[in-house]
Amino acid sequence: MAFGFQSGQVLILDSANGKPVHDLKRPGAIRSLAFSRDNRYLAIGSDLVRIWNTETREFLKLTYAHPSPVHSLVFKRQGKRLATATEAGKAQVFRVGPGETDDKPLFDPVPHAPSQYSAPQFFDLVRSL
């Protein structure tokens with residue numbers, strides 16, 4: 001499990017015993033966190049998104065910039081796509097993984113303005129958001 005703080009700290013704990021596994025520092029307040037289904041990746045959202053590889057204990061090289069803070073994150077089931085939702089009411093989808101070289105979204109941002117913050121959702125196993 002992971003906890004993000006206003007200070008930019010991300011604390012990752014072993015869910016079996018509650019002991020700290022990693023203590024990361026990021027610039028800016030942490031607004032959102034999401035693990036991939038296989039727990040290999042942890043997406044960390046603030047004004048930008050970084051992906052922590054829990055196996056190698058390193059950040060992937062790409063940084064995903066956003067025009068406003070990211071309040072919600074969700075990985076697609078296979079862990080190769082990440083949907084983000086921002087306080088500006090927009091959602092975007094990015095390719096993620098160690099071999100990715102493009103930090104641009106797959107398509108232009110789409111409206112996402114629910115009455116309460118919620119993560120965008122992937123509706124099927126193909127390409128829908």
# chains A, B, ... in the order shown; residues from 1 in each chain; ligands from 1

$ closest_atom_pairs --of "stretch 40-59 of chain A" --to "stretch 90-107 of chain A" --cutoff "9 Å" --atoms "only C-alpha atoms" --output "JSON lines"
{"residue": "A:Tyr41", "atom": "CA", "partner": "A:Gly97", "partner_atom": "CA", "distance": 8.6}
{"residue": "A:Ile51", "atom": "CA", "partner": "A:Val96", "partner_atom": "CA", "distance": 8.1}
{"residue": "A:Asn53", "atom": "CA", "partner": "A:Pro98", "partner_atom": "CA", "distance": 8.7}

$ write_last_selection --atoms "N, CA and C atoms" --output "compact mmCIF listing (two decimals), in the first residue's frame"
# COMPACT_ATOMS: atom_id res chain seq x y z
N TYR A 41 3.94 -1.40 -11.03
CA TYR A 41 4.09 0.04 -11.14
C TYR A 41 3.22 0.78 -10.14
N ILE A 51 6.15 7.33 -12.78
CA ILE A 51 5.85 5.92 -12.55
C ILE A 51 7.03 5.27 -11.84
N ASN A 53 8.79 1.89 -10.58
CA ASN A 53 8.84 0.46 -10.82
C ASN A 53 9.17 -0.21 -9.50

$ select_by_dssp --residues "chain A" --states "strand (DSSP E)" --output "number ranges by chain"
A: 2-4, 9-13, 20-25, 32-35, 41-45, 48-53, 58-59, 64-65, 70-75, 81-86, 90-95, 110-111

$ closest_residue --among "A:Met1, A:Leu62, A:Ala16, A:Val70" --to "A:Ile44" --atoms "only C-alpha atoms"
A:Val70

$ closest_residue --among "A:Gly89, A:Gly79, A:Pro109, A:Pro69" --to "A:Asp38" --atoms "only C-alpha atoms"
A:Gly79

$ residues_around --residues "stretch 71-76 of chain A" --least-positions-apart "3" --cutoff "6 Å" --atoms "only C-alpha atoms" --output "NGL selection string"
:A and (31-32 or 34 or 36 or 79 or 81-86 or 119)

$ closest_residue --among "A:Arg50, A:Gln9, A:His112, A:Asp14" --to "A:Ile30" --atoms "only C-alpha atoms"
A:Gln9

$ closest_residue --among "A:Ala29, A:Ala88, A:Ala43, A:Leu48" --to "A:His66" --atoms "only C-alpha atoms"
A:Leu48

$ residues_around --residues "A:Val21" --least-positions-apart "4" --cutoff "10 Å" --atoms "only C-alpha atoms" --output "list of chain:residue names"
A:Met1, A:Ala2, A:Leu11, A:Ile12, A:Leu13, A:Asp14, A:Ser15, A:Thr54

$ closest_residue --among "A:Ser46, A:Arg77, A:Val110, A:Trp52" --to "A:Ala65" --atoms "only C-alpha atoms"
A:Ser46

$ atom_distance --atom1 "atom CA of A:Gly8" --atom2 "atom CA of A:Pro27"
5.5 Å

$ atom_distance --atom1 "atom CA of A:Ser7" --atom2 "atom CA of A:Ala113"
26.6 Å
